[in-house]
Structures are given as C-alpha cells and as structure tokens.
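Colleague: Below is one structure. I have some questions about it.
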Amino acid sequence: MNWDRIEGNWKQLNGHVREQWGRLTDDHFKVLAGRRDCLAGRIQERYGISQDESKKQLAACQKRMKQIN
C-alpha cells in the first residue's frame, strides 16, 4: 500500500497508526490527516527519537498495513 492510499483512507486506517503510536492525541490525528511528513515529525517529537528512526517506523507501519489490506 502506497502512502497516497493511506492518506486517502486516513479515517479507516488511523486506528492502525494509533495502535503503534498511542502518545499521539486526537488533535494530532486531526491535524495530520494522513500526511506522512507531518506524522513523522510528530512521532519524532512525542517519542524523542531521530528523524531516521521515525521514518523507519513509518515504513514498517506502512508494510504492516499492506499485509492487512
């Protein structure tokens, strides 16, 4: 599943993202609206990890979503 599909189906798929990054609030999810770059930044900020690590985690999440769908 490419990120364009994730962004397009954000309402249906954000539950999977919420499972992975529970520290993000409802307000974060409303603002993010599936935008990968914003999500990576929020993950980095809330979890105190590097930009590379947040991108790596997003890639792993994207891979899991591909397996689900």
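The way I read the labels, and the way they are meant: chains A, B, ... in the order of the structure tokens, residue 1 as the first residue of every chain, and ligand 1 as the first ligand shown, with later ones counted on from there.
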Run DSSP on the backbone and give me the residues of chain A it puts in alpha helix (DSSP H), as a PyMOL selection string.
Modeller: chain A and resi 3-8+10-20+26-32+36-47+51-68
Colleague: Would you save the residues of that selection, restricted to N, CA and C atoms, as a short mmCIF file (atom, residue, chain, number, x, y, z; two decimals), in the first residue's frame?
Modeller:
data_model
loop_
_atom_site.label_atom_id
_atom_site.label_comp_id
_atom_site.auth_asym_id
_atom_site.auth_seq_id
_atom_site.Cartn_x
_atom_site.Cartn_y
_atom_site.Cartn_z
N TRP A 3 1.66 5.38 0.20
CA TRP A 3 1.20 6.38 1.17
C TRP A 3 0.04 7.20 0.64
N ASP A 4 -0.09 7.34 -0.65
CA ASP A 4 -1.23 8.07 -1.21
C ASP A 4 -2.54 7.37 -0.85
N ARG A 5 -2.54 6.06 -0.87
CA ARG A 5 -3.75 5.31 -0.47
C ARG A 5 -4.02 5.45 1.02
N ILE A 6 -2.94 5.45 1.81
CA ILE A 6 -3.11 5.61 3.25
C ILE A 6 -3.71 6.98 3.54
N GLU A 7 -3.18 8.00 2.89
CA GLU A 7 -3.70 9.35 3.08
C GLU A 7 -5.16 9.43 2.65
N GLY A 8 -5.51 8.79 1.55
CA GLY A 8 -6.87 8.81 1.05
C GLY A 8 -7.84 8.06 1.94
N TRP A 10 -7.45 7.70 5.28
CA TRP A 10 -6.94 8.02 6.61
C TRP A 10 -7.94 7.69 7.72
N LYS A 11 -9.21 7.99 7.53
CA LYS A 11 -10.20 7.73 8.59
C LYS A 11 -10.28 6.24 8.93
N GLN A 12 -10.17 5.40 7.92
CA GLN A 12 -10.24 3.97 8.16
C GLN A 12 -8.94 3.40 8.72
N LEU A 13 -7.83 3.99 8.33
CA LEU A 13 -6.53 3.41 8.68
C LEU A 13 -5.88 4.02 9.91
N ASN A 14 -6.39 5.14 10.41
CA ASN A 14 -5.68 5.76 11.51
C ASN A 14 -5.75 4.93 12.79
N GLY A 15 -6.66 3.99 12.88
CA GLY A 15 -6.69 3.08 14.02
C GLY A 15 -5.42 2.26 14.11
N HIS A 16 -4.91 1.82 12.97
CA HIS A 16 -3.66 1.07 12.95
C HIS A 16 -2.50 1.96 13.40
N VAL A 17 -2.53 3.20 12.98
CA VAL A 17 -1.48 4.14 13.36
C VAL A 17 -1.58 4.45 14.85
N ARG A 18 -2.79 4.59 15.36
CA ARG A 18 -2.99 4.86 16.79
C ARG A 18 -2.46 3.72 17.65
N GLU A 19 -2.61 2.49 17.20
CA GLU A 19 -2.09 1.35 17.94
C GLU A 19 -0.57 1.45 18.09
N GLN A 20 0.09 1.87 17.05
CA GLN A 20 1.55 1.97 17.03
C GLN A 20 2.05 3.13 17.88
N ASP A 26 -5.94 12.87 19.78
CA ASP A 26 -6.96 13.07 18.73
C ASP A 26 -6.67 14.34 17.93
N ASP A 27 -6.25 15.37 18.63
CA ASP A 27 -5.92 16.62 17.94
C ASP A 27 -4.77 16.43 16.95
N HIS A 28 -3.78 15.65 17.33
CA HIS A 28 -2.68 15.37 16.41
C HIS A 28 -3.22 14.70 15.15
N PHE A 29 -4.10 13.71 15.34
CA PHE A 29 -4.60 12.97 14.18
C PHE A 29 -5.46 13.83 13.27
N LYS A 30 -6.19 14.77 13.83
CA LYS A 30 -7.00 15.66 13.01
C LYS A 30 -6.11 16.55 12.15
N VAL A 31 -5.04 17.06 12.74
CA VAL A 31 -4.12 17.94 12.02
C VAL A 31 -3.31 17.17 10.99
N LEU A 32 -2.90 15.95 11.34
CA LEU A 32 -2.05 15.16 10.45
C LEU A 32 -2.76 14.76 9.17
N ARG A 36 2.28 12.11 5.65
CA ARG A 36 3.42 11.34 6.15
C ARG A 36 4.49 12.22 6.79
N ASP A 37 4.85 13.32 6.17
CA ASP A 37 5.90 14.17 6.72
C ASP A 37 5.51 14.75 8.07
N CYS A 38 4.26 15.15 8.22
CA CYS A 38 3.79 15.68 9.50
C CYS A 38 3.74 14.58 10.56
N LEU A 39 3.31 13.41 10.17
CA LEU A 39 3.25 12.29 11.09
C LEU A 39 4.65 11.93 11.58
N ALA A 40 5.61 11.89 10.68
CA ALA A 40 7.00 11.59 11.06
C ALA A 40 7.51 12.62 12.07
N GLY A 41 7.21 13.87 11.85
CA GLY A 41 7.64 14.92 12.76
C GLY A 41 7.00 14.80 14.13
N ARG A 42 5.71 14.49 14.17
CA ARG A 42 5.02 14.33 15.46
C ARG A 42 5.54 13.11 16.22
N ILE A 43 5.80 12.04 15.52
CA ILE A 43 6.36 10.84 16.16
C ILE A 43 7.72 11.17 16.75
N GLN A 44 8.53 11.85 15.98
CA GLN A 44 9.86 12.25 16.43
C GLN A 44 9.75 13.11 17.69
N GLU A 45 8.86 14.06 17.68
CA GLU A 45 8.68 14.99 18.79
C GLU A 45 8.15 14.29 20.05
N ARG A 46 7.09 13.50 19.90
CA ARG A 46 6.43 12.88 21.05
C ARG A 46 7.23 11.75 21.67
N TYR A 47 8.04 11.06 20.85
CA TYR A 47 8.78 9.91 21.35
C TYR A 47 10.26 10.20 21.55
N GLN A 51 14.96 11.57 13.36
CA GLN A 51 14.16 11.63 12.14
C GLN A 51 14.28 10.31 11.37
N ASP A 52 15.48 9.76 11.32
CA ASP A 52 15.67 8.49 10.62
C ASP A 52 14.87 7.37 11.27
N GLU A 53 14.85 7.36 12.60
CA GLU A 53 14.09 6.32 13.31
C GLU A 53 12.60 6.48 13.07
N SER A 54 12.09 7.70 13.07
CA SER A 54 10.66 7.88 12.83
C SER A 54 10.28 7.44 11.42
N LYS A 55 11.13 7.73 10.45
CA LYS A 55 10.88 7.30 9.07
C LYS A 55 10.93 5.78 8.97
N LYS A 56 11.85 5.16 9.70
CA LYS A 56 11.97 3.71 9.70
C LYS A 56 10.70 3.07 10.29
N GLN A 57 10.20 3.66 11.38
CA GLN A 57 8.98 3.14 11.99
C GLN A 57 7.78 3.32 11.08
N LEU A 58 7.71 4.44 10.38
CA LEU A 58 6.62 4.67 9.43
C LEU A 58 6.66 3.66 8.28
N ALA A 59 7.85 3.36 7.79
CA ALA A 59 7.99 2.38 6.72
C ALA A 59 7.52 1.01 7.19
N ALA A 60 7.84 0.65 8.44
CA ALA A 60 7.41 -0.63 8.98
C ALA A 60 5.89 -0.66 9.14
N CYS A 61 5.31 0.45 9.57
CA CYS A 61 3.85 0.55 9.71
C CYS A 61 3.18 0.41 8.35
N GLN A 62 3.73 1.09 7.36
CA GLN A 62 3.18 1.02 6.01
C GLN A 62 3.23 -0.42 5.49
N LYS A 63 4.29 -1.12 5.78
CA LYS A 63 4.43 -2.51 5.34
C LYS A 63 3.36 -3.40 6.01
N ARG A 64 3.11 -3.17 7.32
CA ARG A 64 2.09 -3.94 8.02
C ARG A 64 0.71 -3.67 7.45
N MET A 65 0.42 -2.41 7.11
CA MET A 65 -0.88 -2.06 6.54
C MET A 65 -1.07 -2.72 5.18
N LYS A 66 0.01 -2.85 4.44
CA LYS A 66 -0.06 -3.52 3.13
C LYS A 66 -0.45 -4.98 3.33
N GLN A 67 0.08 -5.61 4.37
CA GLN A 67 -0.23 -7.01 4.64
C GLN A 67 -1.67 -7.19 5.10
N ILE A 68 -2.20 -6.18 5.81
CA ILE A 68 -3.58 -6.26 6.30
C ILE A 68 -4.57 -6.13 5.15
#
